[in-house]
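Below is the file final28.txt, which contains compact mmCIF, N, CA and C atoms.
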```txt
# COMPACT_ATOMS: atom_id res chain seq x y z
N MET K 1 201.88 -38.56 254.35
CA MET K 1 203.13 -39.29 254.52
C MET K 1 203.83 -39.39 253.17
N PRO K 2 205.15 -39.26 253.17
CA PRO K 2 205.88 -39.50 251.92
C PRO K 2 205.72 -40.96 251.50
N HIS K 3 205.94 -41.22 250.24
CA HIS K 3 205.89 -42.59 249.74
C HIS K 3 206.87 -43.43 250.56
N PRO K 4 206.55 -44.67 250.91
CA PRO K 4 207.40 -45.49 251.78
C PRO K 4 208.83 -45.68 251.25
N THR K 5 209.04 -45.59 249.94
CA THR K 5 210.38 -45.79 249.40
C THR K 5 211.15 -44.49 249.23
N SER K 6 210.55 -43.36 249.60
CA SER K 6 211.21 -42.07 249.46
C SER K 6 212.08 -41.79 250.66
N PRO K 7 213.21 -41.09 250.43
CA PRO K 7 214.01 -40.69 251.58
C PRO K 7 213.23 -39.69 252.43
N ALA K 8 213.58 -39.61 253.71
CA ALA K 8 212.93 -38.63 254.57
C ALA K 8 213.11 -37.25 253.97
N LEU K 9 212.05 -36.45 254.01
CA LEU K 9 212.08 -35.14 253.38
C LEU K 9 213.16 -34.25 253.97
N THR K 10 213.49 -34.44 255.23
CA THR K 10 214.51 -33.62 255.86
C THR K 10 215.89 -33.83 255.23
N GLU K 11 216.06 -34.93 254.48
CA GLU K 11 217.33 -35.20 253.82
C GLU K 11 217.49 -34.40 252.53
N ARG K 12 216.45 -33.77 252.07
CA ARG K 12 216.46 -33.03 250.81
C ARG K 12 216.06 -31.60 251.07
N ASP K 13 216.64 -30.69 250.33
CA ASP K 13 216.20 -29.32 250.48
C ASP K 13 215.09 -29.01 249.48
N THR K 14 214.41 -27.93 249.73
CA THR K 14 213.27 -27.54 248.90
C THR K 14 213.67 -27.36 247.45
N GLU K 15 214.78 -26.70 247.19
CA GLU K 15 215.19 -26.42 245.81
C GLU K 15 215.45 -27.71 245.04
N PHE K 16 216.05 -28.70 245.68
CA PHE K 16 216.28 -29.99 245.04
C PHE K 16 214.96 -30.60 244.58
N CYS K 17 213.96 -30.62 245.48
CA CYS K 17 212.66 -31.21 245.16
C CYS K 17 211.97 -30.46 244.03
N LEU K 18 211.99 -29.13 244.10
CA LEU K 18 211.36 -28.32 243.05
C LEU K 18 212.01 -28.56 241.70
N ASN K 19 213.33 -28.61 241.68
CA ASN K 19 214.05 -28.82 240.42
C ASN K 19 213.81 -30.22 239.86
N ALA K 20 213.78 -31.22 240.72
CA ALA K 20 213.55 -32.59 240.26
C ALA K 20 212.15 -32.72 239.65
N ALA K 21 211.16 -32.15 240.30
CA ALA K 21 209.79 -32.21 239.77
C ALA K 21 209.70 -31.43 238.46
N SER K 22 210.37 -30.28 238.38
CA SER K 22 210.34 -29.49 237.14
C SER K 22 210.97 -30.26 235.98
N ARG K 23 212.03 -30.99 236.25
CA ARG K 23 212.65 -31.80 235.20
C ARG K 23 211.68 -32.88 234.70
N THR K 24 210.93 -33.49 235.60
CA THR K 24 209.94 -34.49 235.19
C THR K 24 208.85 -33.84 234.35
N LEU K 25 208.40 -32.65 234.75
CA LEU K 25 207.40 -31.93 233.96
C LEU K 25 207.94 -31.63 232.56
N GLU K 26 209.17 -31.19 232.47
CA GLU K 26 209.77 -30.90 231.16
C GLU K 26 209.90 -32.17 230.32
N ARG K 27 210.29 -33.27 230.94
CA ARG K 27 210.35 -34.55 230.22
C ARG K 27 208.97 -34.94 229.71
N TRP K 28 207.93 -34.67 230.51
CA TRP K 28 206.56 -34.97 230.12
C TRP K 28 206.20 -34.19 228.85
N ALA K 29 206.46 -32.89 228.83
CA ALA K 29 206.13 -32.04 227.67
C ALA K 29 206.90 -32.49 226.43
N ILE K 30 208.16 -32.85 226.60
CA ILE K 30 208.96 -33.33 225.47
C ILE K 30 208.40 -34.65 224.94
N ALA K 31 208.05 -35.56 225.85
CA ALA K 31 207.50 -36.86 225.42
C ALA K 31 206.18 -36.68 224.67
N VAL K 32 205.34 -35.75 225.10
CA VAL K 32 204.11 -35.46 224.37
C VAL K 32 204.45 -34.98 222.97
N SER K 33 205.37 -34.02 222.87
CA SER K 33 205.72 -33.43 221.58
C SER K 33 206.38 -34.42 220.63
N ARG K 34 207.05 -35.41 221.17
CA ARG K 34 207.71 -36.43 220.35
C ARG K 34 206.83 -37.66 220.11
N GLY K 35 205.67 -37.69 220.75
CA GLY K 35 204.79 -38.85 220.61
C GLY K 35 205.33 -40.10 221.26
N GLU K 36 206.13 -39.93 222.31
CA GLU K 36 206.78 -41.06 222.99
C GLU K 36 205.89 -41.59 224.12
N LYS K 37 204.92 -42.41 223.72
CA LYS K 37 203.92 -42.88 224.67
C LYS K 37 204.52 -43.65 225.84
N GLU K 38 205.45 -44.56 225.58
CA GLU K 38 206.01 -45.36 226.68
C GLU K 38 206.80 -44.49 227.66
N THR K 39 207.54 -43.53 227.13
CA THR K 39 208.25 -42.59 228.02
C THR K 39 207.25 -41.83 228.85
N LEU K 40 206.23 -41.34 228.21
CA LEU K 40 205.19 -40.57 228.88
C LEU K 40 204.54 -41.38 229.99
N LEU K 41 204.13 -42.59 229.68
CA LEU K 41 203.48 -43.44 230.69
C LEU K 41 204.41 -43.77 231.85
N SER K 42 205.71 -43.90 231.57
CA SER K 42 206.67 -44.24 232.62
C SER K 42 206.86 -43.10 233.62
N LEU K 43 206.44 -41.91 233.28
CA LEU K 43 206.59 -40.76 234.18
C LEU K 43 205.51 -40.74 235.26
N TYR K 44 204.47 -41.54 235.09
CA TYR K 44 203.37 -41.60 236.06
C TYR K 44 203.61 -42.72 237.06
N ALA K 45 203.27 -42.47 238.32
CA ALA K 45 203.26 -43.52 239.34
C ALA K 45 202.17 -44.52 238.96
N GLU K 46 202.33 -45.76 239.38
CA GLU K 46 201.34 -46.79 239.06
C GLU K 46 199.93 -46.39 239.48
N ASP K 47 199.80 -45.73 240.63
CA ASP K 47 198.48 -45.36 241.15
C ASP K 47 198.13 -43.90 240.89
N ALA K 48 198.79 -43.28 239.92
CA ALA K 48 198.54 -41.87 239.61
C ALA K 48 197.12 -41.67 239.08
N ILE K 49 196.59 -40.50 239.35
CA ILE K 49 195.27 -40.11 238.85
C ILE K 49 195.48 -39.06 237.77
N LEU K 50 194.86 -39.29 236.60
CA LEU K 50 194.91 -38.36 235.48
C LEU K 50 193.50 -37.88 235.17
N VAL K 51 193.31 -36.56 235.21
CA VAL K 51 192.08 -35.93 234.75
C VAL K 51 192.49 -35.16 233.49
N PRO K 52 192.28 -35.76 232.30
CA PRO K 52 192.90 -35.25 231.08
C PRO K 52 192.22 -34.02 230.49
N THR K 53 192.95 -33.38 229.58
CA THR K 53 192.52 -32.13 228.96
C THR K 53 191.34 -32.33 228.01
N VAL K 54 191.41 -33.34 227.18
CA VAL K 54 190.41 -33.47 226.12
C VAL K 54 189.60 -34.78 226.23
N ALA K 55 189.30 -35.17 227.45
CA ALA K 55 188.44 -36.34 227.69
C ALA K 55 187.75 -36.11 229.03
N ASN K 56 186.64 -36.79 229.22
CA ASN K 56 185.84 -36.58 230.43
C ASN K 56 186.09 -37.58 231.54
N ASP K 57 186.69 -38.73 231.23
CA ASP K 57 186.88 -39.77 232.23
C ASP K 57 188.13 -39.52 233.05
N VAL K 58 188.04 -39.84 234.33
CA VAL K 58 189.21 -39.84 235.21
C VAL K 58 189.95 -41.14 234.99
N ARG K 59 191.27 -41.07 234.82
CA ARG K 59 192.08 -42.26 234.53
C ARG K 59 192.87 -42.62 235.78
N GLU K 60 192.67 -43.84 236.29
CA GLU K 60 193.23 -44.23 237.59
C GLU K 60 194.29 -45.31 237.53
N ASN K 61 194.59 -45.82 236.32
CA ASN K 61 195.62 -46.84 236.24
C ASN K 61 196.33 -46.73 234.89
N ARG K 62 197.40 -47.47 234.73
CA ARG K 62 198.21 -47.38 233.52
C ARG K 62 197.41 -47.69 232.25
N HIS K 63 196.57 -48.72 232.32
CA HIS K 63 195.78 -49.09 231.14
C HIS K 63 194.87 -47.93 230.70
N GLU K 64 194.20 -47.30 231.66
CA GLU K 64 193.32 -46.18 231.33
C GLU K 64 194.11 -44.98 230.81
N ARG K 65 195.27 -44.71 231.42
CA ARG K 65 196.12 -43.61 230.92
C ARG K 65 196.62 -43.94 229.52
N GLN K 66 196.97 -45.19 229.27
CA GLN K 66 197.44 -45.60 227.94
C GLN K 66 196.35 -45.39 226.89
N ARG K 67 195.13 -45.77 227.21
CA ARG K 67 194.02 -45.57 226.26
C ARG K 67 193.86 -44.08 225.92
N TYR K 68 193.97 -43.22 226.94
CA TYR K 68 193.86 -41.78 226.68
C TYR K 68 195.00 -41.32 225.77
N PHE K 69 196.22 -41.68 226.10
CA PHE K 69 197.36 -41.21 225.32
C PHE K 69 197.42 -41.84 223.93
N ASP K 70 196.89 -43.06 223.76
CA ASP K 70 196.78 -43.63 222.42
C ASP K 70 196.01 -42.68 221.52
N SER K 71 194.92 -42.16 222.03
CA SER K 71 194.08 -41.25 221.25
C SER K 71 194.72 -39.87 221.12
N PHE K 72 195.16 -39.32 222.24
CA PHE K 72 195.69 -37.95 222.24
C PHE K 72 196.96 -37.84 221.39
N LEU K 73 197.87 -38.78 221.53
CA LEU K 73 199.13 -38.72 220.78
C LEU K 73 198.94 -39.01 219.29
N ALA K 74 197.78 -39.52 218.90
CA ALA K 74 197.51 -39.79 217.49
C ALA K 74 197.28 -38.52 216.69
N ASN K 75 197.11 -37.38 217.37
CA ASN K 75 196.93 -36.11 216.66
C ASN K 75 198.20 -35.77 215.88
N GLU K 76 198.03 -35.39 214.63
CA GLU K 76 199.15 -35.12 213.73
C GLU K 76 199.94 -33.89 214.20
N ALA K 77 201.26 -34.06 214.27
CA ALA K 77 202.19 -32.96 214.60
C ALA K 77 201.86 -32.34 215.96
N LEU K 78 201.49 -33.16 216.92
CA LEU K 78 201.15 -32.68 218.26
C LEU K 78 202.38 -32.10 218.95
N THR K 79 202.21 -30.94 219.56
CA THR K 79 203.27 -30.34 220.37
C THR K 79 202.67 -29.86 221.69
N CYS K 80 203.54 -29.73 222.68
CA CYS K 80 203.16 -29.17 223.98
C CYS K 80 204.19 -28.12 224.34
N GLU K 81 203.73 -26.91 224.54
CA GLU K 81 204.62 -25.83 224.95
C GLU K 81 204.24 -25.39 226.35
N LEU K 82 205.19 -25.55 227.27
CA LEU K 82 204.96 -25.12 228.65
C LEU K 82 204.97 -23.60 228.72
N GLY K 83 204.04 -23.06 229.49
CA GLY K 83 204.01 -21.63 229.76
C GLY K 83 204.48 -21.37 231.17
N ASP K 84 203.98 -20.33 231.75
CA ASP K 84 204.33 -19.99 233.13
C ASP K 84 203.73 -21.01 234.09
N TYR K 85 204.47 -21.27 235.16
CA TYR K 85 203.92 -22.14 236.19
C TYR K 85 204.53 -21.80 237.53
N SER K 86 203.83 -22.20 238.59
CA SER K 86 204.27 -22.00 239.96
C SER K 86 204.49 -23.35 240.60
N ARG K 87 205.42 -23.39 241.58
CA ARG K 87 205.76 -24.65 242.23
C ARG K 87 205.81 -24.45 243.74
N ARG K 88 205.50 -25.53 244.45
CA ARG K 88 205.67 -25.50 245.90
C ARG K 88 205.91 -26.92 246.40
N VAL K 89 206.58 -27.02 247.52
CA VAL K 89 206.83 -28.30 248.16
C VAL K 89 205.98 -28.39 249.41
N SER K 90 205.27 -29.50 249.55
CA SER K 90 204.57 -29.79 250.78
C SER K 90 205.54 -30.56 251.67
N ARG K 91 206.14 -29.88 252.60
CA ARG K 91 207.14 -30.53 253.46
C ARG K 91 206.49 -31.59 254.34
N LYS K 92 205.22 -31.42 254.66
CA LYS K 92 204.53 -32.40 255.49
C LYS K 92 204.30 -33.70 254.73
N LEU K 93 203.94 -33.59 253.45
CA LEU K 93 203.59 -34.77 252.67
C LEU K 93 204.70 -35.26 251.76
N GLY K 94 205.74 -34.46 251.53
CA GLY K 94 206.80 -34.86 250.62
C GLY K 94 206.37 -34.84 249.16
N THR K 95 205.46 -33.95 248.84
CA THR K 95 204.91 -33.84 247.49
C THR K 95 205.24 -32.47 246.92
N VAL K 96 205.56 -32.43 245.62
CA VAL K 96 205.73 -31.16 244.92
C VAL K 96 204.48 -30.93 244.09
N VAL K 97 203.95 -29.73 244.17
CA VAL K 97 202.76 -29.33 243.42
C VAL K 97 203.19 -28.27 242.42
N VAL K 98 202.82 -28.47 241.15
CA VAL K 98 203.15 -27.52 240.09
C VAL K 98 201.87 -27.20 239.33
N GLY K 99 201.55 -25.92 239.26
CA GLY K 99 200.37 -25.49 238.54
C GLY K 99 200.71 -24.39 237.56
N GLY K 100 200.08 -24.42 236.40
CA GLY K 100 200.36 -23.39 235.42
C GLY K 100 199.58 -23.60 234.14
N HIS K 101 200.23 -23.19 233.04
CA HIS K 101 199.59 -23.24 231.72
C HIS K 101 200.49 -23.92 230.70
N TYR K 102 199.86 -24.57 229.74
CA TYR K 102 200.55 -25.07 228.57
C TYR K 102 199.63 -24.94 227.37
N VAL K 103 200.23 -25.10 226.18
CA VAL K 103 199.46 -25.01 224.96
C VAL K 103 199.77 -26.24 224.12
N PHE K 104 198.72 -26.94 223.72
CA PHE K 104 198.85 -28.05 222.79
C PHE K 104 198.49 -27.55 221.41
N SER K 105 199.23 -28.00 220.41
CA SER K 105 198.91 -27.69 219.01
C SER K 105 199.03 -28.97 218.20
N TYR K 106 198.19 -29.10 217.20
CA TYR K 106 198.28 -30.22 216.28
C TYR K 106 197.60 -29.84 214.97
N ARG K 107 197.79 -30.68 213.96
CA ARG K 107 197.20 -30.45 212.64
C ARG K 107 195.96 -31.32 212.47
N LEU K 108 194.91 -30.71 211.93
CA LEU K 108 193.68 -31.43 211.64
C LEU K 108 193.15 -30.93 210.31
N GLU K 109 193.11 -31.83 209.33
CA GLU K 109 192.63 -31.49 208.00
C GLU K 109 193.33 -30.25 207.44
N GLY K 110 194.65 -30.20 207.63
CA GLY K 110 195.46 -29.13 207.09
C GLY K 110 195.47 -27.85 207.89
N GLU K 111 194.72 -27.78 208.95
CA GLU K 111 194.65 -26.58 209.79
C GLU K 111 195.30 -26.85 211.15
N THR K 112 195.87 -25.82 211.75
CA THR K 112 196.45 -25.95 213.08
C THR K 112 195.37 -25.72 214.13
N VAL K 113 195.25 -26.67 215.03
CA VAL K 113 194.34 -26.57 216.17
C VAL K 113 195.19 -26.26 217.39
N THR K 114 194.79 -25.26 218.15
CA THR K 114 195.52 -24.87 219.35
C THR K 114 194.60 -25.00 220.56
N ILE K 115 195.11 -25.66 221.60
CA ILE K 115 194.34 -25.85 222.83
C ILE K 115 195.14 -25.27 224.00
N PRO K 116 194.85 -24.04 224.41
CA PRO K 116 195.48 -23.52 225.63
C PRO K 116 194.80 -24.17 226.83
N ALA K 117 195.59 -24.57 227.81
CA ALA K 117 195.03 -25.28 228.96
C ALA K 117 195.77 -24.91 230.24
N ARG K 118 195.11 -25.16 231.34
CA ARG K 118 195.73 -25.01 232.67
C ARG K 118 196.02 -26.41 233.18
N PHE K 119 196.99 -26.52 234.10
CA PHE K 119 197.32 -27.83 234.66
C PHE K 119 197.67 -27.73 236.13
N LEU K 120 197.54 -28.85 236.79
CA LEU K 120 198.03 -29.03 238.15
C LEU K 120 198.59 -30.44 238.22
N PHE K 121 199.88 -30.54 238.47
CA PHE K 121 200.56 -31.82 238.63
C PHE K 121 201.00 -31.95 240.08
N THR K 122 201.00 -33.19 240.59
CA THR K 122 201.68 -33.49 241.84
C THR K 122 202.76 -34.53 241.53
N PHE K 123 203.88 -34.40 242.20
CA PHE K 123 205.03 -35.28 242.00
C PHE K 123 205.52 -35.79 243.34
N GLU K 124 205.98 -37.03 243.34
CA GLU K 124 206.63 -37.62 244.51
C GLU K 124 207.81 -38.44 244.05
N GLU K 125 208.81 -38.52 244.90
CA GLU K 125 209.95 -39.38 244.59
C GLU K 125 209.59 -40.81 245.01
N ILE K 126 209.62 -41.71 244.04
CA ILE K 126 209.26 -43.11 244.27
C ILE K 126 210.41 -43.97 243.75
N GLN K 127 211.02 -44.71 244.64
CA GLN K 127 212.16 -45.58 244.29
C GLN K 127 213.21 -44.81 243.51
N GLY K 128 213.52 -43.60 243.98
CA GLY K 128 214.60 -42.80 243.41
C GLY K 128 214.24 -42.01 242.17
N GLU K 129 213.01 -42.12 241.69
CA GLU K 129 212.56 -41.40 240.49
C GLU K 129 211.40 -40.48 240.84
N TRP K 130 211.42 -39.26 240.31
CA TRP K 130 210.31 -38.34 240.52
C TRP K 130 209.21 -38.68 239.53
N ARG K 131 208.05 -39.09 240.07
CA ARG K 131 206.92 -39.55 239.27
C ARG K 131 205.73 -38.61 239.45
N ILE K 132 204.88 -38.60 238.43
CA ILE K 132 203.63 -37.86 238.50
C ILE K 132 202.65 -38.71 239.30
N THR K 133 202.10 -38.16 240.38
CA THR K 133 201.12 -38.89 241.18
C THR K 133 199.70 -38.37 240.95
N GLY K 134 199.59 -37.17 240.43
CA GLY K 134 198.30 -36.58 240.09
C GLY K 134 198.47 -35.58 238.97
N HIS K 135 197.52 -35.52 238.06
CA HIS K 135 197.60 -34.62 236.91
C HIS K 135 196.18 -34.24 236.51
N HIS K 136 195.86 -32.97 236.67
CA HIS K 136 194.58 -32.44 236.23
C HIS K 136 194.86 -31.37 235.18
N SER K 137 194.10 -31.40 234.10
CA SER K 137 194.28 -30.43 233.02
C SER K 137 192.91 -30.08 232.46
N SER K 138 192.72 -28.81 232.14
CA SER K 138 191.46 -28.40 231.50
C SER K 138 191.73 -27.26 230.54
N GLN K 139 190.92 -27.24 229.49
CA GLN K 139 191.05 -26.19 228.49
C GLN K 139 190.69 -24.85 229.09
N LEU K 140 191.42 -23.81 228.66
CA LEU K 140 191.06 -22.46 229.06
C LEU K 140 189.85 -22.00 228.27
N ALA K 141 188.98 -21.26 228.90
CA ALA K 141 187.76 -20.76 228.23
C ALA K 141 188.10 -19.59 227.33
```
Encoded form using structure tokens:
Amino acid sequence: MPHPTSPALTERDTEFCLNAASRTLERWAIAVSRGEKETLLSLYAEDAILVPTVANDVRENRHERQRYFDSFLANEALTCELGDYSRRVSRKLGTVVVGGHYVFSYRLEGETVTIPARFLFTFEEIQGEWRITGHHSSQLA
């Protein structure tokens, strides 16, 4: 079922949903690169699930996501570069699924550390805003 505050999916076309979710993903990558923790946290739904790239715990609420991003965003000169990704709309559930690759880079003791990773995000429109409802990320081998 779509989120109770979302308009009926039949009122929106597929391209609108895909573009709205993509804009949220792009805002997410920019917020990571700028170290904007509050912006980043605001992109997640209250009940979103985060399975982060460089930690083992599943994060199920804002406080847990904040603790993860406190640590992750503390990396010097952190950037996130989006790579290729695929998108689809679940018309039955009113959810957009986006999967692909990104690369994180940061400085550690004067050296650049690069973490290529894969991701899967789910997005839903909640009270007129496209929010992240699920986010799984893992380092590429």
For atom N of K:Arg87 and atom C of K:Arg118, the interatomic separation in Å (one decimal):
13.0 Å
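Here atom CA of K:Leu41 is placed at a distance of 26.9 Å from atom N of K:Asp13.
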Apply DSSP to the structure's backbone, then extract all residues of chain K labelled helix (DSSP H, G or I) and return them as a ChimeraX atom specification.
/K:9-11,14-34,37-42,62-72
Output N, CA and C atoms for every residue in the selection just made, as a tab-separated table (two decimals), in the coordinates of the input.
```tsv
chain	number	residue	atom	x	y	z
K	9	LEU	N	212.05	-36.45	254.01
K	9	LEU	CA	212.08	-35.14	253.38
K	9	LEU	C	213.16	-34.25	253.97
K	10	THR	N	213.49	-34.44	255.23
K	10	THR	CA	214.51	-33.62	255.86
K	10	THR	C	215.89	-33.83	255.23
K	11	GLU	N	216.06	-34.93	254.48
K	11	GLU	CA	217.33	-35.20	253.82
K	11	GLU	C	217.49	-34.40	252.53
K	14	THR	N	214.41	-27.93	249.73
K	14	THR	CA	213.27	-27.54	248.90
K	14	THR	C	213.67	-27.36	247.45
K	15	GLU	N	214.78	-26.70	247.19
K	15	GLU	CA	215.19	-26.42	245.81
K	15	GLU	C	215.45	-27.71	245.04
K	16	PHE	N	216.05	-28.70	245.68
K	16	PHE	CA	216.28	-29.99	245.04
K	16	PHE	C	214.96	-30.60	244.58
K	17	CYS	N	213.96	-30.62	245.48
K	17	CYS	CA	212.66	-31.21	245.16
K	17	CYS	C	211.97	-30.46	244.03
K	18	LEU	N	211.99	-29.13	244.10
K	18	LEU	CA	211.36	-28.32	243.05
K	18	LEU	C	212.01	-28.56	241.70
K	19	ASN	N	213.33	-28.61	241.68
K	19	ASN	CA	214.05	-28.82	240.42
K	19	ASN	C	213.81	-30.22	239.86
K	20	ALA	N	213.78	-31.22	240.72
K	20	ALA	CA	213.55	-32.59	240.26
K	20	ALA	C	212.15	-32.72	239.65
K	21	ALA	N	211.16	-32.15	240.30
K	21	ALA	CA	209.79	-32.21	239.77
K	21	ALA	C	209.70	-31.43	238.46
K	22	SER	N	210.37	-30.28	238.38
K	22	SER	CA	210.34	-29.49	237.14
K	22	SER	C	210.97	-30.26	235.98
K	23	ARG	N	212.03	-30.99	236.25
K	23	ARG	CA	212.65	-31.80	235.20
K	23	ARG	C	211.68	-32.88	234.70
K	24	THR	N	210.93	-33.49	235.60
K	24	THR	CA	209.94	-34.49	235.19
K	24	THR	C	208.85	-33.84	234.35
K	25	LEU	N	208.40	-32.65	234.75
K	25	LEU	CA	207.40	-31.93	233.96
K	25	LEU	C	207.94	-31.63	232.56
K	26	GLU	N	209.17	-31.19	232.47
K	26	GLU	CA	209.77	-30.90	231.16
K	26	GLU	C	209.90	-32.17	230.32
K	27	ARG	N	210.29	-33.27	230.94
K	27	ARG	CA	210.35	-34.55	230.22
K	27	ARG	C	208.97	-34.94	229.71
K	28	TRP	N	207.93	-34.67	230.51
K	28	TRP	CA	206.56	-34.97	230.12
K	28	TRP	C	206.20	-34.19	228.85
K	29	ALA	N	206.46	-32.89	228.83
K	29	ALA	CA	206.13	-32.04	227.67
K	29	ALA	C	206.90	-32.49	226.43
K	30	ILE	N	208.16	-32.85	226.60
K	30	ILE	CA	208.96	-33.33	225.47
K	30	ILE	C	208.40	-34.65	224.94
K	31	ALA	N	208.05	-35.56	225.85
K	31	ALA	CA	207.50	-36.86	225.42
K	31	ALA	C	206.18	-36.68	224.67
K	32	VAL	N	205.34	-35.75	225.10
K	32	VAL	CA	204.11	-35.46	224.37
K	32	VAL	C	204.45	-34.98	222.97
K	33	SER	N	205.37	-34.02	222.87
K	33	SER	CA	205.72	-33.43	221.58
K	33	SER	C	206.38	-34.42	220.63
K	34	ARG	N	207.05	-35.41	221.17
K	34	ARG	CA	207.71	-36.43	220.35
K	34	ARG	C	206.83	-37.66	220.11
K	37	LYS	N	204.92	-42.41	223.72
K	37	LYS	CA	203.92	-42.88	224.67
K	37	LYS	C	204.52	-43.65	225.84
K	38	GLU	N	205.45	-44.56	225.58
K	38	GLU	CA	206.01	-45.36	226.68
K	38	GLU	C	206.80	-44.49	227.66
K	39	THR	N	207.54	-43.53	227.13
K	39	THR	CA	208.25	-42.59	228.02
K	39	THR	C	207.25	-41.83	228.85
K	40	LEU	N	206.23	-41.34	228.21
K	40	LEU	CA	205.19	-40.57	228.88
K	40	LEU	C	204.54	-41.38	229.99
K	41	LEU	N	204.13	-42.59	229.68
K	41	LEU	CA	203.48	-43.44	230.69
K	41	LEU	C	204.41	-43.77	231.85
K	42	SER	N	205.71	-43.90	231.57
K	42	SER	CA	206.67	-44.24	232.62
K	42	SER	C	206.86	-43.10	233.62
K	62	ARG	N	197.40	-47.47	234.73
K	62	ARG	CA	198.21	-47.38	233.52
K	62	ARG	C	197.41	-47.69	232.25
K	63	HIS	N	196.57	-48.72	232.32
K	63	HIS	CA	195.78	-49.09	231.14
K	63	HIS	C	194.87	-47.93	230.70
K	64	GLU	N	194.20	-47.30	231.66
K	64	GLU	CA	193.32	-46.18	231.33
K	64	GLU	C	194.11	-44.98	230.81
K	65	ARG	N	195.27	-44.71	231.42
K	65	ARG	CA	196.12	-43.61	230.92
K	65	ARG	C	196.62	-43.94	229.52
K	66	GLN	N	196.97	-45.19	229.27
K	66	GLN	CA	197.44	-45.60	227.94
K	66	GLN	C	196.35	-45.39	226.89
K	67	ARG	N	195.13	-45.77	227.21
K	67	ARG	CA	194.02	-45.57	226.26
K	67	ARG	C	193.86	-44.08	225.92
K	68	TYR	N	193.97	-43.22	226.94
K	68	TYR	CA	193.86	-41.78	226.68
K	68	TYR	C	195.00	-41.32	225.77
K	69	PHE	N	196.22	-41.68	226.10
K	69	PHE	CA	197.36	-41.21	225.32
K	69	PHE	C	197.42	-41.84	223.93
K	70	ASP	N	196.89	-43.06	223.76
K	70	ASP	CA	196.78	-43.63	222.42
K	70	ASP	C	196.01	-42.68	221.52
K	71	SER	N	194.92	-42.16	222.03
K	71	SER	CA	194.08	-41.25	221.25
K	71	SER	C	194.72	-39.87	221.12
K	72	PHE	N	195.16	-39.32	222.24
K	72	PHE	CA	195.69	-37.95	222.24
K	72	PHE	C	196.96	-37.84	221.39
```
Write out as a ChimeraX atom specification each polymer residue whose atoms come within 12 Å of K:Glu36, counting only C-alpha atoms; drop sequence neighbours fewer than 5 positions from it.
/K:27-31,41-43,66,69-70,72-74,78-79
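Picture a line from atom N of K:Lys92 to atom C of K:Glu60; it runs 24.6 Å.
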Pick the closest to K:Thr95 from K:Asn56, K:Asn75, K:Thr114, K:Thr122: which is it, counting all atoms listed in the file?
K:Thr122
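Closest approach to K:Glu81 among K:Phe123, K:Val98, K:Asp57, K:Val103: K:Val103, based on all atoms listed in the file.
Using only N, CA and C atoms, the smallest distance between any of K:Glu15, K:Asp84, K:Glu125, K:Glu111 and K:Val96 comes from K:Glu125.
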For K:Arg62, which of K:Ala45, K:Leu18, K:Ala77, K:Ile115 is the closest residue, counting all atoms listed in the file?
K:Ala45
Using only C-alpha atoms, which of the listed residues (K:Arg23, K:Arg65, K:Glu124, K:Val32) sits closest to K:Val89?
K:Glu124
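Counting only C-alpha atoms and comparing K:Glu46, K:Glu64, K:Glu76, K:Glu109, the residue that lies closest to K:Gly134 is K:Glu46.
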Pick out each residue of stretch 8-109 of chain K that DSSP on the backbone tags as strand (DSSP E or B); I need them as a PyMOL selection string.
chain K and resi 44-51+59+76-90+95-108
